[in-house]
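Single-structure report; data block below.
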Amino acid sequence: MKTLIVLFFFSLSLVHATMSARAIIQSTDRTIISSEIAGNIVYFPKEEGEHFSKGQILAKIDCSIYQAQKKKVNIQKNIAYQKMKKNEELDALKAIGSFEVLISKEEYNKQVAELDIVSINVKRCKIHAPFNGKVVSKKINLYENVKAQQELLEIIGVSKLEAKVIIPALWLQWLKKGDTFTLAIDETQTNIKATVKEIGAVVDPSSQMISIRANLLKPYDGIIDGMSGTAKFNPKK
(Lines give C-alpha, C1' and ligand atoms only; values in the text may rest on other atoms or scores of the structure.)
Protein backbone atom coordinates (compact mmCIF):
# COMPACT_ATOMS: atom_id res chain seq x y z
CA MET A 1 0.00 0.00 0.00
CA LYS A 2 2.84 2.40 0.87
CA THR A 3 4.46 1.64 -2.51
CA LEU A 4 1.23 2.60 -4.32
CA ILE A 5 1.04 5.90 -2.41
CA VAL A 6 4.66 6.73 -3.30
CA LEU A 7 4.06 5.98 -6.97
CA PHE A 8 0.93 8.13 -6.94
CA PHE A 9 2.71 11.19 -5.56
CA PHE A 10 5.68 10.59 -7.93
CA SER A 11 3.39 10.56 -10.97
CA LEU A 12 1.56 13.65 -9.66
CA SER A 13 4.86 15.53 -9.35
CA LEU A 14 5.67 14.71 -12.98
CA VAL A 15 2.43 16.34 -14.07
CA HIS A 16 3.50 19.59 -12.42
CA ALA A 17 7.20 19.27 -13.37
CA THR A 18 8.76 21.41 -16.07
CA MET A 19 9.51 19.38 -19.20
CA SER A 20 12.31 20.62 -21.48
CA ALA A 21 13.43 19.94 -25.06
CA ARG A 22 15.89 21.45 -27.47
CA ALA A 23 14.71 24.01 -30.04
CA ILE A 24 16.08 25.89 -33.03
CA ILE A 25 14.90 29.28 -34.30
CA GLN A 26 13.84 29.52 -37.93
CA SER A 27 12.45 32.27 -40.13
CA THR A 28 9.16 31.60 -41.86
CA ASP A 29 10.40 33.64 -44.85
CA ARG A 30 13.51 32.39 -46.62
CA THR A 31 14.06 32.29 -50.38
CA ILE A 32 16.55 32.59 -53.21
CA ILE A 33 15.93 35.51 -55.57
CA SER A 34 16.54 34.70 -59.24
CA SER A 35 16.54 36.83 -62.36
CA GLU A 36 13.49 36.34 -64.59
CA ILE A 37 15.28 37.85 -67.61
CA ALA A 38 18.80 37.90 -69.03
CA GLY A 39 20.97 41.00 -68.84
CA ASN A 40 23.71 42.95 -67.13
CA ILE A 41 23.39 43.71 -63.40
CA VAL A 42 23.74 47.49 -63.05
CA TYR A 43 22.51 47.91 -59.45
CA PHE A 44 23.18 45.45 -56.63
CA PRO A 45 23.45 47.48 -53.41
CA LYS A 46 23.06 45.07 -50.51
CA GLU A 47 25.90 43.13 -48.92
CA GLU A 48 25.66 39.95 -46.86
CA GLY A 49 24.04 40.60 -43.48
CA GLU A 50 22.51 43.95 -44.47
CA HIS A 51 18.86 44.73 -43.79
CA PHE A 52 16.27 45.65 -46.41
CA SER A 53 12.59 46.60 -46.34
CA LYS A 54 9.69 45.06 -48.22
CA GLY A 55 9.42 46.63 -51.68
CA GLN A 56 12.99 47.92 -51.68
CA ILE A 57 14.96 47.36 -54.91
CA LEU A 58 17.50 44.58 -54.41
CA ALA A 59 18.82 44.49 -57.99
CA LYS A 60 18.45 46.19 -61.37
CA ILE A 61 19.16 44.71 -64.79
CA ASP A 62 20.10 46.91 -67.74
CA CYS A 63 16.71 47.53 -69.31
CA SER A 64 17.73 49.31 -72.54
CA ILE A 65 16.89 46.46 -74.91
CA TYR A 66 13.60 45.67 -73.18
CA GLN A 67 12.52 49.31 -73.24
CA ALA A 68 13.39 49.48 -76.95
CA GLN A 69 11.33 46.36 -77.60
CA LYS A 70 8.41 47.90 -75.74
CA LYS A 71 8.66 51.08 -77.81
CA LYS A 72 8.76 49.07 -81.05
CA VAL A 73 5.77 46.92 -80.14
CA ASN A 74 3.80 49.97 -79.01
CA ILE A 75 4.32 51.55 -82.45
CA GLN A 76 3.22 48.30 -84.14
CA LYS A 77 0.14 48.25 -81.94
CA ASN A 78 -0.77 51.80 -82.95
CA ILE A 79 -0.33 50.94 -86.64
CA ALA A 80 -2.53 47.85 -86.21
CA TYR A 81 -5.16 49.98 -84.49
CA GLN A 82 -5.24 52.49 -87.36
CA LYS A 83 -5.59 49.67 -89.91
CA MET A 84 -8.42 48.13 -87.91
CA LYS A 85 -10.32 51.44 -87.68
CA LYS A 86 -9.80 52.08 -91.41
CA ASN A 87 -11.13 48.64 -92.30
CA GLU A 88 -14.17 49.18 -90.08
CA GLU A 89 -14.92 52.41 -91.99
CA LEU A 90 -14.54 50.61 -95.33
CA ASP A 91 -16.76 47.79 -94.08
CA ALA A 92 -19.48 50.34 -93.25
CA LEU A 93 -19.28 51.51 -96.86
CA LYS A 94 -19.41 47.90 -98.12
CA ALA A 95 -16.00 48.50 -99.72
CA ILE A 96 -14.22 45.62 -97.96
CA GLY A 97 -15.03 42.08 -96.99
CA SER A 98 -15.76 40.95 -93.42
CA PHE A 99 -12.73 38.62 -93.52
CA GLU A 100 -10.32 41.56 -93.92
CA VAL A 101 -12.01 43.33 -91.01
CA LEU A 102 -11.67 40.24 -88.82
CA ILE A 103 -7.98 39.82 -89.68
CA SER A 104 -7.21 43.45 -88.85
CA LYS A 105 -8.93 43.10 -85.48
CA GLU A 106 -6.96 39.95 -84.66
CA GLU A 107 -3.71 41.64 -85.72
CA TYR A 108 -4.46 44.49 -83.34
CA ASN A 109 -5.26 42.03 -80.49
CA LYS A 110 -1.97 40.25 -81.21
CA GLN A 111 -0.01 43.50 -80.85
CA VAL A 112 -1.83 44.28 -77.58
CA ALA A 113 -0.74 40.89 -76.24
CA GLU A 114 2.83 41.47 -77.45
CA LEU A 115 2.88 44.81 -75.65
CA ASP A 116 1.74 43.12 -72.45
CA ILE A 117 4.65 40.66 -72.72
CA VAL A 118 7.36 43.27 -73.28
CA SER A 119 5.86 45.47 -70.53
CA ILE A 120 6.24 42.56 -68.10
CA ASN A 121 9.89 42.20 -69.10
CA VAL A 122 10.49 45.90 -68.43
CA LYS A 123 9.02 45.48 -64.93
CA ARG A 124 11.32 42.50 -64.37
CA CYS A 125 14.36 44.76 -64.81
CA LYS A 126 13.86 45.82 -61.19
CA ILE A 127 13.80 43.15 -58.49
CA HIS A 128 11.97 44.16 -55.32
CA ALA A 129 12.20 42.63 -51.86
CA PRO A 130 9.15 40.44 -51.09
CA PHE A 131 9.42 40.99 -47.32
CA ASN A 132 11.46 42.72 -44.60
CA GLY A 133 14.71 40.85 -44.16
CA LYS A 134 18.45 40.46 -44.46
CA VAL A 135 20.81 39.18 -47.16
CA VAL A 136 22.15 35.71 -46.39
CA SER A 137 24.48 35.38 -49.39
CA LYS A 138 25.15 36.93 -52.80
CA LYS A 139 25.38 34.59 -55.77
CA ILE A 140 26.69 37.07 -58.37
CA ASN A 141 28.54 40.40 -58.57
CA LEU A 142 27.69 43.89 -59.81
CA TYR A 143 28.04 44.31 -63.62
CA GLU A 144 27.88 40.56 -64.15
CA ASN A 145 25.83 39.26 -67.07
CA VAL A 146 23.15 36.85 -65.89
CA LYS A 147 20.81 34.41 -67.59
CA ALA A 148 17.11 34.03 -67.03
CA GLN A 149 16.40 31.99 -63.88
CA GLN A 150 19.96 32.51 -62.58
CA GLU A 151 20.24 32.84 -58.81
CA LEU A 152 21.17 36.31 -57.56
CA LEU A 153 20.99 36.24 -53.78
CA GLU A 154 19.55 34.36 -50.85
CA ILE A 155 17.45 36.36 -48.41
CA ILE A 156 15.75 35.68 -45.10
CA GLY A 157 12.87 37.38 -43.32
CA VAL A 158 13.27 39.00 -39.90
CA SER A 159 9.65 39.84 -39.08
CA LYS A 160 8.29 36.33 -38.57
CA LEU A 161 10.26 33.80 -36.54
CA GLU A 162 9.26 30.39 -35.29
CA ALA A 163 10.84 27.60 -33.25
CA LYS A 164 11.21 23.98 -34.25
CA VAL A 165 11.19 21.71 -31.20
CA ILE A 166 11.78 17.96 -31.09
CA ILE A 167 9.77 16.38 -28.26
CA PRO A 168 9.01 12.83 -27.05
CA ALA A 169 5.84 11.51 -28.65
CA LEU A 170 4.52 10.68 -25.18
CA TRP A 171 4.12 14.41 -24.56
CA LEU A 172 1.22 14.40 -27.00
CA GLN A 173 -0.87 13.06 -24.12
CA TRP A 174 -0.93 16.58 -22.69
CA LEU A 175 0.60 18.95 -25.28
CA LYS A 176 -1.95 20.68 -27.52
CA LYS A 177 -1.94 23.21 -30.35
CA GLY A 178 -2.07 26.71 -28.87
CA ASP A 179 -0.21 25.80 -25.66
CA THR A 180 2.24 28.45 -24.45
CA PHE A 181 5.76 27.68 -23.27
CA THR A 182 9.05 29.44 -22.51
CA LEU A 183 12.13 29.46 -24.73
CA ALA A 184 15.51 30.02 -23.09
CA ILE A 185 17.77 31.23 -25.91
CA ASP A 186 21.39 30.07 -25.62
CA GLU A 187 23.07 32.88 -27.56
CA THR A 188 21.30 35.82 -25.89
CA GLN A 189 20.68 34.28 -22.46
CA THR A 190 17.12 35.60 -22.58
CA ASN A 191 13.69 34.03 -22.19
CA ILE A 192 10.85 34.55 -24.64
CA LYS A 193 7.35 33.14 -24.94
CA ALA A 194 6.09 30.91 -27.75
CA THR A 195 2.86 29.11 -28.65
CA VAL A 196 2.50 25.75 -30.35
CA LYS A 197 1.54 26.41 -33.97
CA GLU A 198 1.60 22.95 -35.53
CA ILE A 199 2.30 19.42 -34.32
CA GLY A 200 4.15 17.08 -36.67
CA ALA A 201 2.24 14.44 -38.60
CA VAL A 202 4.68 11.56 -38.10
CA VAL A 203 6.44 10.06 -35.08
CA ASP A 204 9.98 8.85 -35.74
CA PRO A 205 9.71 5.06 -35.15
CA SER A 206 13.30 4.63 -33.95
CA SER A 207 13.50 7.53 -31.48
CA GLN A 208 9.78 7.91 -30.70
CA MET A 209 10.21 11.67 -31.13
CA ILE A 210 8.06 14.17 -33.03
CA SER A 211 8.63 17.77 -34.14
CA ILE A 212 6.44 20.76 -33.38
CA ARG A 213 6.47 24.31 -34.76
CA ALA A 214 5.83 27.28 -32.51
CA ASN A 215 5.27 30.99 -33.09
CA LEU A 216 7.50 33.36 -31.14
CA LEU A 217 5.59 36.03 -29.24
CA LYS A 218 6.95 39.56 -29.61
CA PRO A 219 9.00 41.27 -28.40
CA TYR A 220 12.00 39.09 -29.26
CA ASP A 221 14.70 41.67 -30.06
CA GLY A 222 18.07 40.22 -30.95
CA ILE A 223 16.70 36.79 -31.86
CA ILE A 224 17.67 35.61 -35.35
CA ASP A 225 17.42 32.53 -37.53
CA GLY A 226 19.72 29.68 -36.50
CA MET A 227 19.82 30.43 -32.78
CA SER A 228 19.08 27.55 -30.45
CA GLY A 229 17.66 27.13 -27.00
CA THR A 230 15.65 25.09 -24.55
CA ALA A 231 11.88 24.89 -24.69
CA LYS A 232 10.36 24.61 -21.19
CA PHE A 233 6.84 23.25 -20.87
CA ASN A 234 4.53 23.03 -17.87
CA PRO A 235 2.23 20.06 -18.51
CA LYS A 236 -1.41 20.54 -17.70
CA LYS A 237 -3.47 18.04 -15.78
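A note on labels: chains of the C-alpha coordinates are A, B, ... as shown, every chain counts residues from 1, and ligands are counted from 1 in their shown order.
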
With a cut-off of 6 Å, could you pull out the residues of segment 83-165 of chain A touching segment 34-49 of chain A and give me the nearest pair of atoms for each, distance in Å to one decimal, using only C-alpha atoms, ordered by chain and ascending number, as CSV?
residue,atom,partner,partner_atom,distance
A:Lys134,CA,A:Gly49,CA,5.7
A:Val135,CA,A:Glu48,CA,4.9
A:Val136,CA,A:Glu48,CA,5.5
A:Ser137,CA,A:Glu48,CA,5.4
A:Leu142,CA,A:Ile41,CA,5.6
A:Tyr143,CA,A:Ile41,CA,4.7
A:Glu144,CA,A:Ile41,CA,5.5
A:Asn145,CA,A:Asn40,CA,4.3
A:Val146,CA,A:Ala38,CA,5.5
A:Lys147,CA,A:Ala38,CA,4.3
A:Ala148,CA,A:Ile37,CA,4.3
A:Gln149,CA,A:Ser35,CA,5.1
A:Gln150,CA,A:Ser34,CA,5.3
A:Glu151,CA,A:Ser34,CA,4.2
A:Leu152,CA,A:Ser34,CA,5.2

**OP:** Apply DSSP to the backbone of this structure and, from segment 62-174 of chain A, keep only the residues in strand (DSSP E or B); write these as a list in words.
**Re:**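 Taking segment 62-174 of chain A and keeping strand (DSSP E or B) gives Lys126, Ile127, His128, Gly133, Lys134, Val135, Val136, Ser137, Lys138, Asn145, Val146, Glu151, Leu152, Leu153, Glu154, Ile155, Ile156, Gly157, Leu161, Glu162, Ala163, Lys164, Val165, Ile166, Ile167 and Pro168 of chain A.
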
**OP:** Choose the residue, out of A:Lys193, A:Arg124, A:Lys71, A:Arg30, that has the smallest atom-to-atom separation from Tyr220 of chain A; count only C-alpha atoms.
**Re:** A:Lys193

**OP:** Quick one: everything within 10 Å of Val203 of chain A, counting only C-alpha atoms, minus sequence neighbours fewer than 4 positions away in the same chain. Send it as a list in words.
**Re:** Ile167, Pro168, Ala169, Ser207, Gln208, Met209, Ile210 and Ser211 of chain A

Subject >> From A:Ser53, A:Thr195, A:Ser159, A:Gln173, residue lying nearest Ala129 of chain A [only C-alpha atoms] >> reply: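 Looking at the shortest contact to Ala129 of chain A, the residue is A:Ser53.
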